[in-house]
file my_file10.cif (mmCIF, C-alpha atoms)
data_coords
#
loop_
_atom_site.group_PDB
_atom_site.id
_atom_site.type_symbol
_atom_site.label_atom_id
_atom_site.label_comp_id
_atom_site.auth_asym_id
_atom_site.auth_seq_id
_atom_site.Cartn_x
_atom_site.Cartn_y
_atom_site.Cartn_z
ATOM 1 C CA MET A 1 30.023 -103.071 -1.678
ATOM 2 C CA LYS A 2 29.055 -101.207 1.516
ATOM 3 C CA MET A 3 28.105 -98.166 -0.555
ATOM 4 C CA LYS A 4 25.852 -100.303 -2.740
ATOM 5 C CA ILE A 5 24.096 -101.762 0.318
ATOM 6 C CA LEU A 6 23.614 -98.305 1.837
ATOM 7 C CA LEU A 7 22.251 -96.971 -1.439
ATOM 8 C CA THR A 8 19.788 -99.854 -1.674
ATOM 9 C CA LEU A 9 18.609 -99.245 1.894
ATOM 10 C CA LEU A 10 18.215 -95.520 1.221
ATOM 11 C CA VAL A 11 16.129 -96.154 -1.903
ATOM 12 C CA THR A 12 13.952 -98.634 0.006
ATOM 13 C CA ILE A 13 13.379 -96.219 2.885
ATOM 14 C CA CYS A 14 12.528 -93.381 0.509
ATOM 15 C CA PHE A 15 10.089 -95.636 -1.316
ATOM 16 C CA LEU A 16 8.372 -96.659 1.908
ATOM 17 C CA ILE A 17 8.134 -93.077 3.122
ATOM 18 C CA GLY A 18 6.811 -91.967 -0.234
ATOM 19 C CA THR A 19 4.079 -94.620 -0.364
ATOM 20 C CA THR A 20 2.870 -94.353 3.224
ATOM 21 C CA PRO A 21 0.509 -91.367 2.686
ATOM 22 C CA ALA A 22 -1.032 -93.041 -0.364
ATOM 23 C CA GLN A 23 -1.452 -96.267 1.591
ATOM 24 C CA ASP A 24 -3.042 -94.395 4.490
ATOM 25 C CA LYS A 25 -5.443 -92.586 2.159
ATOM 26 C CA LYS A 26 -6.506 -95.798 0.421
ATOM 27 C CA GLN A 27 -6.978 -97.598 3.710
ATOM 28 C CA ALA A 28 -9.057 -94.745 5.101
ATOM 29 C CA GLY A 29 -11.214 -94.901 1.981
ATOM 30 C CA ASP A 30 -11.658 -98.664 2.299
ATOM 31 C CA LEU A 31 -12.614 -98.318 5.961
ATOM 32 C CA LYS A 32 -15.125 -95.570 5.214
ATOM 33 C CA SER A 33 -16.742 -97.478 2.337
ATOM 34 C CA MET A 34 -17.094 -100.596 4.491
ATOM 35 C CA VAL A 35 -18.799 -98.647 7.296
ATOM 36 C CA GLU A 36 -21.057 -96.889 4.789
ATOM 37 C CA THR A 37 -22.043 -100.339 3.479
ATOM 38 C CA GLU A 38 -22.903 -101.435 7.020
ATOM 39 C CA ARG A 39 -25.102 -98.367 7.398
ATOM 40 C CA ALA A 40 -26.791 -99.001 4.043
ATOM 41 C CA PHE A 41 -27.434 -102.566 5.230
ATOM 42 C CA ALA A 42 -29.164 -101.224 8.355
ATOM 43 C CA ARG A 43 -31.187 -98.684 6.351
ATOM 44 C CA MET A 44 -32.489 -101.395 4.047
ATOM 45 C CA SER A 45 -33.591 -103.382 7.108
ATOM 46 C CA GLU A 46 -35.817 -100.468 8.078
ATOM 47 C CA GLU A 47 -37.029 -99.570 4.594
ATOM 48 C CA LYS A 48 -37.553 -102.995 2.991
ATOM 49 C CA GLY A 49 -37.303 -105.554 5.786
ATOM 50 C CA THR A 50 -34.579 -107.391 7.673
ATOM 51 C CA ARG A 51 -34.689 -110.556 5.561
ATOM 52 C CA GLU A 52 -34.477 -108.524 2.349
ATOM 53 C CA ALA A 53 -31.467 -106.648 3.708
ATOM 54 C CA PHE A 54 -29.637 -109.828 4.688
ATOM 55 C CA VAL A 55 -30.240 -111.363 1.255
ATOM 56 C CA ALA A 56 -28.907 -108.227 -0.447
ATOM 57 C CA PHE A 57 -25.729 -107.836 1.610
ATOM 58 C CA ILE A 58 -24.575 -111.378 2.363
ATOM 59 C CA ALA A 59 -21.742 -112.873 0.293
ATOM 60 C CA ASP A 60 -22.409 -116.084 -1.626
ATOM 61 C CA GLU A 61 -20.232 -117.927 0.902
ATOM 62 C CA GLY A 62 -21.520 -115.855 3.853
ATOM 63 C CA ILE A 63 -22.177 -117.681 7.113
ATOM 64 C CA LEU A 64 -25.150 -117.341 9.451
ATOM 65 C CA PHE A 65 -25.768 -119.398 12.595
ATOM 66 C CA ARG A 66 -29.164 -121.144 12.514
ATOM 67 C CA PRO A 67 -28.264 -122.295 15.139
ATOM 68 C CA THR A 68 -25.095 -123.942 13.789
ATOM 69 C CA PRO A 69 -23.104 -122.474 10.838
ATOM 70 C CA VAL A 70 -24.938 -122.539 7.491
ATOM 71 C CA LEU A 71 -24.475 -120.903 4.118
ATOM 72 C CA GLY A 72 -26.761 -117.964 4.807
ATOM 73 C CA LYS A 73 -28.002 -117.246 1.301
ATOM 74 C CA ASN A 74 -29.033 -120.870 0.739
ATOM 75 C CA TRP A 75 -30.645 -121.103 4.165
ATOM 76 C CA MET A 76 -32.753 -117.992 3.593
ATOM 77 C CA GLN A 77 -33.925 -119.296 0.216
ATOM 78 C CA GLU A 78 -34.920 -122.617 1.772
ATOM 79 C CA ASN A 79 -36.597 -121.012 4.804
ATOM 80 C CA PRO A 80 -38.857 -118.175 3.621
ATOM 81 C CA VAL A 81 -40.394 -115.829 6.155
ATOM 82 C CA PRO A 82 -44.024 -116.799 6.949
ATOM 83 C CA SER A 83 -46.660 -114.239 6.005
ATOM 84 C CA SER A 84 -47.650 -111.959 8.868
ATOM 85 C CA THR A 85 -49.686 -108.868 9.627
ATOM 86 C CA THR A 86 -46.702 -107.370 11.452
ATOM 87 C CA ARG A 87 -43.180 -106.544 10.256
ATOM 88 C CA PRO A 88 -40.385 -107.310 12.728
ATOM 89 C CA TRP A 89 -37.497 -104.840 12.657
ATOM 90 C CA LEU A 90 -33.859 -105.381 13.558
ATOM 91 C CA ALA A 91 -31.952 -102.085 13.852
ATOM 92 C CA TRP A 92 -28.225 -101.620 14.414
ATOM 93 C CA GLN A 93 -25.367 -99.139 14.262
ATOM 94 C CA PRO A 94 -21.595 -99.701 13.884
ATOM 95 C CA ILE A 95 -19.558 -98.098 16.669
ATOM 96 C CA PHE A 96 -16.204 -99.718 15.897
ATOM 97 C CA ALA A 97 -14.611 -100.787 12.616
ATOM 98 C CA PHE A 98 -11.278 -102.041 11.312
ATOM 99 C CA VAL A 99 -9.951 -102.992 7.878
ATOM 100 C CA SER A 100 -6.861 -104.876 6.683
ATOM 101 C CA SER A 101 -3.967 -102.931 5.202
ATOM 102 C CA ALA A 102 -4.894 -104.392 1.787
ATOM 103 C CA GLY A 103 -8.444 -103.101 2.209
ATOM 104 C CA ASP A 104 -10.024 -106.439 1.299
ATOM 105 C CA LEU A 105 -11.219 -107.678 4.705
ATOM 106 C CA GLY A 106 -12.635 -105.912 7.734
ATOM 107 C CA TYR A 107 -15.144 -106.032 10.543
ATOM 108 C CA THR A 108 -17.693 -103.889 12.323
ATOM 109 C CA THR A 109 -19.270 -104.109 15.766
ATOM 110 C CA GLY A 110 -22.032 -102.248 17.492
ATOM 111 C CA PRO A 111 -25.391 -102.418 19.279
ATOM 112 C CA TRP A 112 -28.616 -103.842 17.867
ATOM 113 C CA GLN A 113 -32.231 -103.679 19.001
ATOM 114 C CA TYR A 114 -35.288 -105.632 17.940
ATOM 115 C CA LYS A 115 -38.968 -104.757 17.647
ATOM 116 C CA LYS A 116 -41.654 -107.368 17.088
ATOM 117 C CA ASP A 117 -43.306 -104.809 14.810
ATOM 118 C CA ILE A 118 -41.666 -101.767 13.271
ATOM 119 C CA LYS A 119 -44.646 -99.724 14.528
ATOM 120 C CA ASP A 120 -43.949 -100.636 18.173
ATOM 121 C CA VAL A 121 -42.745 -97.803 20.392
ATOM 122 C CA GLN A 122 -40.266 -99.846 22.417
ATOM 123 C CA PRO A 123 -37.831 -102.603 21.381
ATOM 124 C CA THR A 124 -38.180 -105.991 23.082
ATOM 125 C CA ALA A 125 -34.556 -107.164 22.812
ATOM 126 C CA PHE A 126 -31.083 -105.647 22.737
ATOM 127 C CA GLY A 127 -27.582 -106.836 22.003
ATOM 128 C CA ASN A 128 -24.308 -106.335 20.167
ATOM 129 C CA PHE A 129 -23.179 -107.727 16.825
ATOM 130 C CA MET A 130 -19.930 -108.531 15.053
ATOM 131 C CA THR A 131 -19.867 -108.680 11.257
ATOM 132 C CA VAL A 132 -16.940 -109.680 9.040
ATOM 133 C CA TRP A 133 -16.894 -107.983 5.628
ATOM 134 C CA LYS A 134 -15.084 -109.017 2.427
ATOM 135 C CA LYS A 135 -14.523 -106.831 -0.600
ATOM 136 C CA GLN A 136 -15.906 -108.389 -3.787
ATOM 137 C CA ALA A 137 -14.404 -108.460 -7.279
ATOM 138 C CA ASP A 138 -16.534 -105.447 -8.293
ATOM 139 C CA GLY A 139 -15.274 -103.395 -5.333
ATOM 140 C CA SER A 140 -18.452 -103.711 -3.257
ATOM 141 C CA TRP A 141 -18.541 -105.076 0.280
ATOM 142 C CA LYS A 142 -20.520 -108.184 1.275
ATOM 143 C CA PHE A 143 -20.560 -109.767 4.692
ATOM 144 C CA ALA A 144 -18.889 -113.141 5.198
ATOM 145 C CA LEU A 145 -20.029 -113.804 8.756
ATOM 146 C CA ASP A 146 -22.474 -112.319 11.235
ATOM 147 C CA LEU A 147 -22.888 -113.256 14.893
ATOM 148 C CA GLY A 148 -23.982 -111.414 17.986
ATOM 149 C CA VAL A 149 -25.090 -111.631 21.605
ATOM 150 C CA SER A 150 -27.950 -110.282 23.693
ATOM 151 C CA ASN A 151 -27.523 -107.826 26.547
ATOM 152 C CA PRO A 152 -29.649 -105.615 28.829
ATOM 153 C CA GLU A 153 -31.230 -102.435 27.517
ATOM 154 C CA PRO A 154 -28.555 -99.708 27.124
ATOM 155 C CA LYS A 155 -28.969 -96.696 29.377
ATOM 156 C CA GLY A 156 -27.467 -94.189 26.940
ATOM 157 C CA PRO A 157 -27.679 -93.420 23.204
ATOM 158 C CA MET A 158 -25.615 -95.259 20.597
ATOM 159 C CA THR A 159 -22.130 -93.892 19.918
ATOM 160 C CA MET A 160 -21.689 -93.004 16.257
ATOM 161 C CA TRP A 161 -18.600 -94.330 14.479
ATOM 162 C CA GLN A 162 -16.237 -91.662 13.177
ATOM 163 C CA PRO A 163 -13.677 -92.028 10.342
ATOM 164 C CA GLY A 164 -10.206 -92.860 11.618
ATOM 165 C CA GLN A 165 -11.345 -94.860 14.635
ATOM 166 C CA GLY A 166 -9.966 -98.360 15.095
ATOM 167 C CA GLN A 167 -6.877 -98.274 12.870
ATOM 168 C CA MET A 168 -4.225 -97.500 15.493
ATOM 169 C CA ASP A 169 -1.037 -99.572 15.771
ATOM 170 C CA GLN A 170 -1.642 -101.450 12.542
ATOM 171 C CA GLU A 171 1.221 -103.201 10.806
ATOM 172 C CA ILE A 172 1.355 -102.522 7.063
ATOM 173 C CA SER A 173 1.943 -105.674 5.047
ATOM 174 C CA GLY A 174 2.285 -106.641 1.404
ATOM 175 C CA LYS A 175 0.710 -109.629 -0.357
ATOM 176 C CA VAL A 176 1.203 -112.988 1.321
ATOM 177 C CA ASP A 177 0.561 -116.646 0.570
ATOM 178 C CA GLN A 178 -3.035 -116.795 1.811
ATOM 179 C CA GLN A 179 -3.087 -120.575 2.124
ATOM 180 C CA LEU A 180 0.002 -120.460 4.314
ATOM 181 C CA ALA A 181 -1.482 -117.587 6.344
ATOM 182 C CA ARG A 182 -4.725 -119.531 6.864
ATOM 183 C CA SER A 183 -2.757 -122.541 8.058
ATOM 184 C CA GLY A 184 -0.886 -120.327 10.503
ATOM 185 C CA LEU A 185 -4.117 -118.879 11.847
ATOM 186 C CA LEU A 186 -5.695 -122.316 12.290
ATOM 187 C CA ASP A 187 -2.540 -123.424 14.080
ATOM 188 C CA ALA A 188 -2.850 -120.451 16.449
ATOM 189 C CA GLU A 189 -6.503 -121.370 17.120
ATOM 190 C CA SER A 190 -5.608 -124.979 17.913
ATOM 191 C CA LYS A 191 -2.745 -123.995 20.210
ATOM 192 C CA PHE A 192 -5.003 -121.476 21.965
ATOM 193 C CA SER A 193 -7.513 -124.257 22.699
ATOM 194 C CA LYS A 194 -4.800 -126.550 24.086
ATOM 195 C CA VAL A 195 -3.404 -123.790 26.303
ATOM 196 C CA SER A 196 -6.940 -123.022 27.514
ATOM 197 C CA ALA A 197 -7.372 -126.664 28.557
ATOM 198 C CA GLU A 198 -4.034 -126.592 30.379
ATOM 199 C CA LEU A 199 -4.007 -123.149 32.012
ATOM 200 C CA GLY A 200 -7.653 -122.143 32.136
ATOM 201 C CA ALA A 201 -9.789 -119.595 30.287
ATOM 202 C CA ARG A 202 -8.394 -116.409 31.815
ATOM 203 C CA GLU A 203 -4.690 -117.228 31.613
ATOM 204 C CA SER A 204 -4.867 -118.496 28.043
ATOM 205 C CA PHE A 205 -6.829 -115.408 26.998
ATOM 206 C CA LEU A 206 -4.125 -113.160 28.445
ATOM 207 C CA LEU A 207 -1.552 -114.954 26.305
ATOM 208 C CA TYR A 208 -3.442 -114.727 23.014
ATOM 209 C CA ALA A 209 -5.488 -111.513 23.228
ATOM 210 C CA ALA A 210 -4.484 -108.131 21.812
ATOM 211 C CA LYS A 211 -4.598 -105.147 24.157
ATOM 212 C CA ASP A 212 -7.720 -103.776 22.400
ATOM 213 C CA VAL A 213 -9.625 -107.078 22.377
ATOM 214 C CA ARG A 214 -13.416 -107.140 22.671
ATOM 215 C CA LEU A 215 -15.186 -110.053 24.356
ATOM 216 C CA PHE A 216 -18.879 -110.719 23.584
ATOM 217 C CA ARG A 217 -20.918 -112.897 25.950
ATOM 218 C CA ASN A 218 -24.687 -113.232 26.292
ATOM 219 C CA ASP A 219 -26.406 -111.104 28.933
ATOM 220 C CA HIS A 220 -23.424 -108.762 29.167
ATOM 221 C CA PHE A 221 -22.311 -105.627 27.386
ATOM 222 C CA PRO A 222 -19.046 -106.152 25.475
ATOM 223 C CA PHE A 223 -15.913 -106.298 27.615
ATOM 224 C CA VAL A 224 -13.399 -103.959 26.002
ATOM 225 C CA GLY A 225 -9.664 -104.228 26.674
ATOM 226 C CA LYS A 226 -7.409 -107.142 27.542
ATOM 227 C CA MET A 227 -7.719 -107.053 31.333
ATOM 228 C CA ALA A 228 -11.481 -106.387 31.352
ATOM 229 C CA ALA A 229 -12.058 -109.319 28.986
ATOM 230 C CA ALA A 230 -9.715 -111.652 30.857
ATOM 231 C CA ASP A 231 -11.301 -110.795 34.204
ATOM 232 C CA ALA A 232 -14.729 -111.541 32.729
ATOM 233 C CA LEU A 233 -13.467 -115.069 32.035
ATOM 234 C CA ALA A 234 -12.051 -115.539 35.547
ATOM 235 C CA PRO A 235 -15.235 -117.220 36.894
ATOM 236 C CA VAL A 236 -15.007 -119.903 34.167
ATOM 237 C CA THR A 237 -13.780 -122.984 36.031
ATOM 238 C CA ALA A 238 -14.847 -125.514 33.400
ATOM 239 C CA GLU A 239 -12.386 -126.627 30.733
ATOM 240 C CA TRP A 240 -12.988 -124.332 27.745
ATOM 241 C CA THR A 241 -11.943 -125.852 24.415
ATOM 242 C CA TRP A 242 -13.013 -125.525 20.793
ATOM 243 C CA THR A 243 -12.687 -126.905 17.291
ATOM 244 C CA PRO A 244 -12.133 -124.397 14.468
ATOM 245 C CA LEU A 245 -14.171 -125.080 11.325
ATOM 246 C CA PHE A 246 -12.883 -122.305 9.053
ATOM 247 C CA ALA A 247 -10.273 -119.590 8.801
ATOM 248 C CA GLY A 248 -10.071 -116.716 6.326
ATOM 249 C CA VAL A 249 -7.336 -114.102 5.960
ATOM 250 C CA SER A 250 -6.765 -110.877 4.070
ATOM 251 C CA ILE A 251 -4.439 -110.856 1.054
ATOM 252 C CA SER A 252 -2.061 -108.781 3.172
ATOM 253 C CA GLY A 253 -2.038 -111.472 5.863
ATOM 254 C CA ASP A 254 -2.533 -109.003 8.719
ATOM 255 C CA LEU A 255 -6.222 -109.652 9.495
ATOM 256 C CA GLY A 256 -8.132 -112.917 9.716
ATOM 257 C CA TYR A 257 -11.272 -114.510 11.101
ATOM 258 C CA THR A 258 -12.312 -117.929 12.331
ATOM 259 C CA TYR A 259 -15.414 -119.717 13.480
ATOM 260 C CA GLY A 260 -16.160 -123.082 14.986
ATOM 261 C CA ALA A 261 -17.690 -125.004 17.878
ATOM 262 C CA TYR A 262 -16.773 -124.723 21.562
ATOM 263 C CA GLU A 263 -17.648 -126.572 24.737
ATOM 264 C CA LEU A 264 -17.289 -126.166 28.483
ATOM 265 C CA ARG A 265 -16.504 -129.402 30.313
ATOM 266 C CA GLU A 266 -16.758 -129.659 34.080
ATOM 267 C CA LYS A 267 -14.185 -131.456 36.231
ATOM 268 C CA ALA A 268 -16.560 -134.398 36.549
ATOM 269 C CA GLY A 269 -16.394 -134.787 32.766
ATOM 270 C CA THR A 270 -19.887 -133.579 31.925
ATOM 271 C CA VAL A 271 -20.359 -130.920 29.240
ATOM 272 C CA SER A 272 -22.154 -127.922 30.744
ATOM 273 C CA GLU A 273 -22.348 -125.809 27.581
ATOM 274 C CA ARG A 274 -21.864 -126.128 23.840
ATOM 275 C CA GLY A 275 -22.004 -123.369 21.272
ATOM 276 C CA ASN A 276 -20.650 -121.531 18.270
ATOM 277 C CA TYR A 277 -17.837 -119.035 18.338
ATOM 278 C CA ALA A 278 -16.555 -116.432 15.912
ATOM 279 C CA ARG A 279 -13.265 -114.565 16.216
ATOM 280 C CA VAL A 280 -11.250 -111.883 14.495
ATOM 281 C CA TRP A 281 -7.448 -111.918 14.669
ATOM 282 C CA LYS A 282 -4.796 -109.416 13.652
ATOM 283 C CA LYS A 283 -1.044 -109.645 13.308
ATOM 284 C CA VAL A 284 0.880 -107.933 16.121
ATOM 285 C CA LEU A 285 4.679 -108.043 15.829
ATOM 286 C CA GLY A 286 4.378 -111.073 13.577
ATOM 287 C CA ASP A 287 2.021 -113.096 15.809
ATOM 288 C CA TRP A 288 -1.719 -113.636 15.539
ATOM 289 C CA LYS A 289 -3.528 -111.851 18.356
ATOM 290 C CA LEU A 290 -7.216 -112.017 19.184
ATOM 291 C CA VAL A 291 -9.226 -108.797 18.782
ATOM 292 C CA ILE A 292 -12.823 -110.093 18.779
ATOM 293 C CA ASP A 293 -14.225 -113.141 20.574
ATOM 294 C CA VAL A 294 -17.947 -113.940 20.314
ATOM 295 C CA ALA A 295 -19.525 -116.985 21.975
ATOM 296 C CA ASP A 296 -23.082 -118.043 21.172
ATOM 297 C CA PRO A 297 -24.378 -120.959 23.313
ATOM 298 C CA LEU A 298 -26.589 -123.572 21.699
ATOM 299 C CA PRO A 299 -29.978 -124.330 23.240
ATOM 300 C CA THR A 300 -29.803 -127.039 25.903
ATOM 301 C CA GLY A 301 -29.785 -130.500 24.357
ATOM 302 C CA GLN A 302 -28.220 -129.483 21.034
#
call {"tool": "encode", "arguments": {"input": "my_file10.cif", "output": "structure tokens"}}
result
Amino acid sequence: MKMKILLTLLVTICFLIGTTPAQDKKQAGDLKSMVETERAFARMSEEKGTREAFVAFIADEGILFRPTPVLGKNWMQENPVPSSTTRPWLAWQPIFAFVSSAGDLGYTTGPWQYKKDIKDVQPTAFGNFMTVWKKQADGSWKFALDLGVSNPEPKGPMTMWQPGQGQMDQEISGKVDQQLARSGLLDAESKFSKVSAELGARESFLLYAAKDVRLFRNDHFPFVGKMAAADALAPVTAEWTWTPLFAGVSISGDLGYTYGAYELREKAGTVSERGNYARVWKKVLGDWKLVIDVADPLPTGQ
């Protein structure tokens, strides 16, 4: 009996060792194709127009924030761009990317800049974006969610993404029950909000964030790393809570994303800020950990 168990373990180990290089190669290919799609998206913005690029690359169920979450494709059809003698230009470049072990879900982040007219010499606005990408049935990538923040003008050039970046310390997983995985992710989101109300923004973030987390807040460059992000939240004295509206996960169950509505409530009970949030989560030692957190405040009064 012991010999049979040992033989089974040996066969399993050999199988895993034998499939790891193939898995790594496929994953590297998926990551590269997703980043190339992001770059093609940006090129189309320059060549044909930003609206045309968004229409071409958004998934049918893709979400934009205008200012609250809407089905982006429908919203763009119902809100055509007014005719103008100028052509605004939104330019961007991915500097970080990650893809699930199944290669069906991933995200990109990087800086953006905006010109009121593509002929202008200098941009008038700067920021950083986060885009969630989903692989379609035909093997192409379409984006499922896009949200970003504004920040001051960068002092240096953009850093170009290189293949192999962003995939360190990833757990390889097989197919999972996606409905069950989504429920688990939503449960993590809800618990995170409750802990935030009880312990405060910084302490709750330390409990739920991955070591390579990236925090996006308006008027700031992204805070990269667990301690840098947590320290950026230290001045938040208001009660920070949120309500998740949606969760999506990869078929391998190791990468997921959420979005919803948040609010900051002062001790006196008044709400000082409301907004949208978008997050990306990955599995670390079996638990959901936060790797991207983007907050987008709503205009006052909304």
call {"tool": "closest_residue", "arguments": {"input": "my_file10.cif", "among": "A:Gly225, A:Pro123, A:Gly253, A:Pro94", "to": "A:Ile292", "atoms": "all atoms listed in the file"}}
result
A:Gly225
call {"tool": "atom_distance", "arguments": {"input": "my_file10.cif", "atom1": "atom CA of A:Tyr208", "atom2": "atom CA of A:Tyr107"}}
result
19.2 Å
call {"tool": "resolve_selection", "arguments": {"input": "my_file10.cif", "expression": "the PyMOL selection byres ((chain A and resi 257) around 8)", "output": "list in words"}}
result
Val132, Ala247, Gly248, Val249, Leu255, Gly256, Thr258, Tyr259, Ala278, Arg279, Val280 and Trp281 of chain A
call {"tool": "write_last_selection", "arguments": {"input": "my_file10.cif", "atoms": "C-alpha atoms", "output": "PDB file, in the frame of the given file"}}
result
ATOM      1  CA  VAL A 132     -16.940-109.680   9.040  1.00  0.00           C
ATOM      2  CA  ALA A 247     -10.273-119.590   8.801  1.00  0.00           C
ATOM      3  CA  GLY A 248     -10.071-116.716   6.326  1.00  0.00           C
ATOM      4  CA  VAL A 249      -7.336-114.102   5.960  1.00  0.00           C
ATOM      5  CA  LEU A 255      -6.222-109.652   9.495  1.00  0.00           C
ATOM      6  CA  GLY A 256      -8.132-112.917   9.716  1.00  0.00           C
ATOM      7  CA  THR A 258     -12.312-117.929  12.331  1.00  0.00           C
ATOM      8  CA  TYR A 259     -15.414-119.717  13.480  1.00  0.00           C
ATOM      9  CA  ALA A 278     -16.555-116.432  15.912  1.00  0.00           C
ATOM     10  CA  ARG A 279     -13.265-114.565  16.216  1.00  0.00           C
ATOM     11  CA  VAL A 280     -11.250-111.883  14.495  1.00  0.00           C
ATOM     12  CA  TRP A 281      -7.448-111.918  14.669  1.00  0.00           C
TER      13      TRP A 281
END
call {"tool": "atom_distance", "arguments": {"input": "my_file10.cif", "atom1": "atom CA of A:Val35", "atom2": "atom CA of A:Phe57"}}
result
12.8 Å
call {"tool": "atom_distance", "arguments": {"input": "my_file10.cif", "atom1": "atom CA of A:Val213", "atom2": "atom CA of A:Asp24"}}
result
22.9 Å
call {"tool": "closest_residue", "arguments": {"input": "my_file10.cif", "among": "A:Val291, A:Ala181, A:Ala137, A:Ala268", "to": "A:Gly106", "atoms": "all atoms listed in the file"}}
result
A:Val291
call {"tool": "residues_around", "arguments": {"input": "my_file10.cif", "residues": "stretch 48-53 of chain A", "least_positions_apart": "3", "cutoff": "8 Å", "atoms": "only C-alpha atoms", "output": "count of residues only"}}
result
12
call {"tool": "resolve_selection", "arguments": {"input": "my_file10.cif", "expression": "the PyMOL selection byres ((chain A and resi 263) around 10)", "output": "ChimeraX atom specification"}}
result
/A:238-243,261-262,264-266,271-277,297-298
call {"tool": "residues_near_point", "arguments": {"input": "my_file10.cif", "point": "(-48.9, -105.8, 9.9)", "cutoff": "9 Å", "atoms": "only C-alpha atoms", "output": "MDAnalysis selection string"}}
result
chainID A and resid 84:87 117:119
call {"tool": "resolve_selection", "arguments": {"input": "my_file10.cif", "expression": "the PyMOL selection byres ((chain A and resi 59-67) around 7)", "output": "list of chain:residue names"}}
result
A:Phe57, A:Ile58, A:Thr68, A:Pro69, A:Val70, A:Leu71, A:Gly72, A:Lys73, A:Lys142, A:Phe143, A:Ala144, A:Leu145, A:Asp146, A:Leu298
call {"tool": "closest_residue", "arguments": {"input": "my_file10.cif", "among": "A:Lys155, A:Arg202, A:Lys26, A:His220", "to": "A:Ser100", "atoms": "only C-alpha atoms"}}
result
A:Lys26
call {"tool": "closest_residue", "arguments": {"input": "my_file10.cif", "among": "A:Trp141, A:Leu206, A:Gln77, A:Ala28", "to": "A:Ala40", "atoms": "all atoms listed in the file"}}
result
A:Trp141
call {"tool": "axis_aligned_box", "arguments": {"input": "my_file10.cif", "around": "stretch 280-283 of chain A", "padding_each_side": "5 Å", "output": "lines of an AutoDock Vina configuration file"}}
result
center_x = -6.1
center_y = -110.7
center_z = 14.0
size_x = 20.2
size_y = 12.5
size_z = 11.4
call {"tool": "closest_residue", "arguments": {"input": "my_file10.cif", "among": "A:Phe126, A:Trp133, A:Phe216, A:Phe205", "to": "A:Gly103", "atoms": "all atoms listed in the file"}}
result
A:Trp133
call {"tool": "closest_residue", "arguments": {"input": "my_file10.cif", "among": "A:Arg39, A:Val176, A:Glu153, A:Ser193", "to": "A:Thr108", "atoms": "all atoms listed in the file"}}
result
A:Arg39
call {"tool": "residues_around", "arguments": {"input": "my_file10.cif", "residues": "A:Pro111", "least_positions_apart": "6", "cutoff": "8 Å", "atoms": "all atoms listed in the file", "output": "ChimeraX atom specification"}}
result
/A:92-95,126-129,158
call {"tool": "residues_near_point", "arguments": {"input": "my_file10.cif", "point": "(3.2, -112.4, 11.8)", "cutoff": "10 Å", "atoms": "all atoms listed in the file", "output": "ChimeraX atom specification"}}
result
/A:171,173,181,184-185,253-254,282-289
